[in-house]
Amino acid sequence: MSATTETRDPGVVTRFAPSPTGFLHLGGARTALFNLLYARHHGGKFLLRIEDTDRARSTQPAIDAILSGMRWLGLDWDGEEVFQSTRAARHAEVAEAMIAAGAAYRCYMTAEEIDAMRAEAQANKQPLRIRSPWRDRQNNDPSASFVVRLKAPTEGATTIEDRVQGSVTVQNAELDDLVLLRSDGTPTYMLAVVVDDHDMGVTHIIRGDDHLNNAFRQLPIIKAMGWREPVYAHIPLIHGSDGAKLSKRHGAVGIEAYRDELGILPEALDNYLLRLGWGYGDNEIISREQAIEWFDLSGVGKSPSRFDLKKLENLNGHYIRSADDARLADLVAAKLGLNADDSRRALIAAAMPALKPRAANLNELADGTGFLFVARPLPIAADAEALLSGEAPATLAKVHAALDAVGQWDTEALEEAVRQVAEAQGLKLGQVAQPLRAALTGRRTSPGIFDVLALLGRDESLARIADHAADQTAAQGKDENND
Ligand code: GLU
């Protein structure tokens, strides 16, 4: 396939540049994943920059959540993460260099003047596009307060050959003289992002398409500095199942909720995010290695993708089935709040093979172990009660007697004993297994009934069955003829 034979470019440098004003969300994680895969595919570098220039809105918990979310998803970046706020002096230096080169200017407009411009733009139903009177003027008052603005091009057009969006052109008259440095000397996002990408050697900018407009405003800075233009790839956003932009309204948007509340495995979320907006043939289950081999920007779709929790859970079920039992047992034990030395951990691990085939998430897996640890008499789920009425107590008495006589408590011997009871009673295996399941687990559904018996062990199993069996002497008396 072309993607595997194409030339690799080890000079590729990508980056993920989250603003730590909230938690790592699905869209951000997918952007990071695409950047990582593209870099790894080429044998290049994937960098992380925390864009914390907005000191008022950036928080340490958000930084921690981003870093831990990325580690959890295996989105391992190269080298140390860069904190944008530490680079303010460099940003100011570039702004000064741009003034010196005539590509930026000190603007002394007052707040009132800008308000008046805004009011005029609104009256004319035009977006506010600031072209300051100070573009070509000097102020002789050294104490006057100013911002540094980009001297944006006013004529011609700018075209970006975006690797996802295709060729996109914007008339330069639509650009504005955006602020590069605020009046307190701090850089704006527009300046900082360009300077940092340049200094970090970023060659490919892969980010959400909500930043496409920004690219046209950032390019004049790059051009003014004579820097190399990066390759852009603006990827469509993730929408909710109703087609609207993904938001809290659609449920969990933070990565940690998928881990902590929904019980999703990181490899399942990775695989899901990869397929959300990128494809390679009909492949659905794609390992990280395979993704690195195949990933290319040409496989990124142009339309927004819809988030579908059911699909994610299907993938999660797949990854749960193929996950190592000991690892799953650790995750389940953590969910149940068990200590590292809790003896029940071994039982949980032993239950994994029986529970894995049915579980779509770790919560179901944890829930499925519940029957192992409840004390007798078991609470019986409302929908399981009927299974324990009618003929059930008599049947359970027979089962009790048969199992009590089993020598080796293993699944084969147990199955044989239960089958014999069913045959002797002229019942189908299920007619015996269902009341047995209800007595052993208190539920209608559980892992295979012989696995349940084996996991619970002889004493506990017999005691649970006896709790719902008809009085055994009476049962034996009635059945004399069959013995
Ligand atoms: N910090 C920006 C954000 O979180 C991303 C900037 C970029 O990728 O260029 O939206």
# chains A, B, ... in the order shown; residues from 1 in each chain; ligands from 1
$ closest_atom_pairs --of "chain A" --to "ligand 1" --cutoff "7 Å" --atoms "only C-alpha atoms and all ligand atoms" --output "tab-separated table"
residue	atom	partner	partner_atom_place_in_ligand_line	distance
A:Phe16	CA	ligand 1	8 (O)	6.3
A:Ala17	CA	ligand 1	8 (O)	4.9
A:Pro18	CA	ligand 1	4 (O)	3.8
A:Ser19	CA	ligand 1	4 (O)	4.1
A:Glu51	CA	ligand 1	1 (N)	5.2
A:Val193	CA	ligand 1	9 (O)	6.0
A:Arg207	CA	ligand 1	8 (O)	5.1
A:His211	CA	ligand 1	9 (O)	6.8
$ residues_around --residues "A:Arg419" --least-positions-apart "3" --cutoff "9 Å" --atoms "only C-alpha atoms" --output "ChimeraX atom specification"
/A:414-416,422-424,428-429,432
$ write_last_selection --atoms "N, CA and C atoms" --output "PDB file, in the first residue's frame"
ATOM      1  N   LEU A 414     -18.458 -31.039  38.003  1.00  0.00           N
ATOM      2  CA  LEU A 414     -19.652 -30.291  38.392  1.00  0.00           C
ATOM      3  C   LEU A 414     -20.687 -30.337  37.269  1.00  0.00           C
ATOM      4  N   GLU A 415     -20.195 -30.171  36.062  1.00  0.00           N
ATOM      5  CA  GLU A 415     -21.103 -30.189  34.913  1.00  0.00           C
ATOM      6  C   GLU A 415     -21.774 -31.553  34.806  1.00  0.00           C
ATOM      7  N   GLU A 416     -20.983 -32.587  34.971  1.00  0.00           N
ATOM      8  CA  GLU A 416     -21.501 -33.947  34.879  1.00  0.00           C
ATOM      9  C   GLU A 416     -22.613 -34.159  35.926  1.00  0.00           C
ATOM     10  N   ALA A 422     -30.459 -32.991  35.784  1.00  0.00           N
ATOM     11  CA  ALA A 422     -31.409 -32.542  34.755  1.00  0.00           C
ATOM     12  C   ALA A 422     -32.025 -33.742  34.047  1.00  0.00           C
ATOM     13  N   GLU A 423     -31.174 -34.673  33.648  1.00  0.00           N
ATOM     14  CA  GLU A 423     -31.689 -35.846  32.938  1.00  0.00           C
ATOM     15  C   GLU A 423     -32.656 -36.636  33.799  1.00  0.00           C
ATOM     16  N   ALA A 424     -32.264 -36.866  35.038  1.00  0.00           N
ATOM     17  CA  ALA A 424     -33.104 -37.662  35.940  1.00  0.00           C
ATOM     18  C   ALA A 424     -34.464 -37.006  36.140  1.00  0.00           C
ATOM     19  N   LYS A 428     -34.470 -29.698  30.926  1.00  0.00           N
ATOM     20  CA  LYS A 428     -33.339 -29.217  30.106  1.00  0.00           C
ATOM     21  C   LYS A 428     -32.293 -28.663  31.055  1.00  0.00           C
ATOM     22  N   LEU A 429     -31.067 -28.641  30.582  1.00  0.00           N
ATOM     23  CA  LEU A 429     -29.990 -28.158  31.451  1.00  0.00           C
ATOM     24  C   LEU A 429     -30.302 -26.738  31.954  1.00  0.00           C
ATOM     25  N   VAL A 432     -32.366 -26.255  35.001  1.00  0.00           N
ATOM     26  CA  VAL A 432     -31.665 -26.492  36.261  1.00  0.00           C
ATOM     27  C   VAL A 432     -30.664 -25.349  36.505  1.00  0.00           C
TER      28      VAL A 432
END
$ select_by_dssp --residues "stretch 65-289 of chain A" --states "helix (DSSP H, G or I)" --output "MDAnalysis selection string"
chainID A and resid 65:72 84:100 111:123 133:136 172:174 189:199 209:224 248:250 255:260 266:275 288:289
$ write_last_selection --atoms "C-alpha atoms" --output "CSV table (one decimal), in the first residue's frame"
chain,number,residue,atom,x,y,z
A,65,ALA,CA,-5.0,16.4,34.0
A,66,ILE,CA,-3.5,17.0,30.5
A,67,LEU,CA,-0.2,15.3,31.4
A,68,SER,CA,-1.8,12.4,33.2
A,69,GLY,CA,-4.4,11.9,30.4
A,70,MET,CA,-1.7,11.8,27.8
A,71,ARG,CA,0.4,9.4,29.8
A,72,TRP,CA,-2.7,7.2,30.3
A,84,GLN,CA,4.8,28.8,26.9
A,85,SER,CA,4.7,31.2,29.9
A,86,THR,CA,8.4,30.7,30.4
A,87,ARG,CA,9.2,32.1,27.0
A,88,ALA,CA,7.6,35.6,27.3
A,89,ALA,CA,11.0,37.4,26.9
A,90,ARG,CA,11.6,35.6,23.6
A,91,HIS,CA,8.1,36.5,22.4
A,92,ALA,CA,8.7,40.2,23.2
A,93,GLU,CA,12.1,40.0,21.4
A,94,VAL,CA,10.4,38.8,18.2
A,95,ALA,CA,7.8,41.5,18.4
A,96,GLU,CA,10.6,44.1,18.7
A,97,ALA,CA,12.4,42.5,15.7
A,98,MET,CA,9.2,42.8,13.7
A,99,ILE,CA,8.9,46.5,14.6
A,100,ALA,CA,12.5,47.0,13.5
A,111,ALA,CA,-10.0,51.8,24.6
A,112,GLU,CA,-12.5,54.4,23.6
A,113,GLU,CA,-11.2,54.7,20.1
A,114,ILE,CA,-11.4,50.9,19.7
A,115,ASP,CA,-14.9,50.9,21.1
A,116,ALA,CA,-15.9,53.5,18.5
A,117,MET,CA,-14.4,51.4,15.8
A,118,ARG,CA,-16.3,48.4,17.0
A,119,ALA,CA,-19.6,50.3,17.1
A,120,GLU,CA,-19.0,51.5,13.6
A,121,ALA,CA,-18.3,48.0,12.4
A,122,GLN,CA,-21.5,46.7,14.1
A,123,ALA,CA,-23.5,49.5,12.5
A,133,PRO,CA,-4.0,55.0,12.5
A,134,TRP,CA,-0.7,54.2,14.1
A,135,ARG,CA,0.3,51.8,11.3
A,136,ASP,CA,2.5,54.4,9.7
A,172,ASN,CA,-5.7,39.8,2.8
A,173,ALA,CA,-8.2,42.7,3.1
A,174,GLU,CA,-10.1,40.4,5.5
A,189,TYR,CA,-1.6,33.6,21.7
A,190,MET,CA,-1.1,34.5,18.0
A,191,LEU,CA,2.4,35.6,18.5
A,192,ALA,CA,3.5,33.0,21.1
A,193,VAL,CA,2.2,30.1,19.0
A,194,VAL,CA,4.2,31.1,15.9
A,195,VAL,CA,7.4,31.9,17.8
A,196,ASP,CA,7.3,28.7,19.8
A,197,ASP,CA,6.5,26.5,16.7
A,198,HIS,CA,9.5,28.1,15.0
A,199,ASP,CA,11.9,27.8,17.9
A,209,ASP,CA,-10.1,23.1,12.1
A,210,ASP,CA,-11.3,25.8,14.5
A,211,HIS,CA,-7.8,27.1,14.1
A,212,LEU,CA,-7.8,27.4,10.3
A,213,ASN,CA,-8.7,31.1,10.4
A,214,ASN,CA,-5.8,31.6,12.8
A,215,ALA,CA,-3.4,30.1,10.3
A,216,PHE,CA,-4.1,33.0,8.0
A,217,ARG,CA,-3.4,35.5,10.8
A,218,GLN,CA,-0.2,33.6,11.9
A,219,LEU,CA,1.3,33.3,8.4
A,220,PRO,CA,2.1,37.1,8.1
A,221,ILE,CA,4.2,36.8,11.3
A,222,ILE,CA,6.1,33.8,9.9
A,223,LYS,CA,6.7,35.6,6.6
A,224,ALA,CA,7.8,38.8,8.3
A,248,LYS,CA,-20.7,18.7,28.1
A,249,ARG,CA,-24.3,18.3,27.0
A,250,HIS,CA,-23.3,15.1,25.3
A,255,ILE,CA,-10.6,11.9,29.1
A,256,GLU,CA,-10.5,11.0,32.8
A,257,ALA,CA,-14.3,10.4,32.8
A,258,TYR,CA,-13.8,7.7,30.2
A,259,ARG,CA,-11.2,6.1,32.4
A,260,ASP,CA,-12.8,6.6,35.8
A,266,PRO,CA,-6.7,3.4,27.0
A,267,GLU,CA,-6.0,1.2,24.0
A,268,ALA,CA,-9.7,1.1,23.2
A,269,LEU,CA,-10.0,4.9,23.4
A,270,ASP,CA,-6.9,5.3,21.3
A,271,ASN,CA,-8.3,3.0,18.7
A,272,TYR,CA,-11.6,4.7,18.8
A,273,LEU,CA,-10.2,8.2,18.4
A,274,LEU,CA,-8.0,7.0,15.6
A,275,ARG,CA,-11.0,5.7,13.6
A,288,ARG,CA,-0.6,1.3,17.9
A,289,GLU,CA,2.2,-0.3,15.8
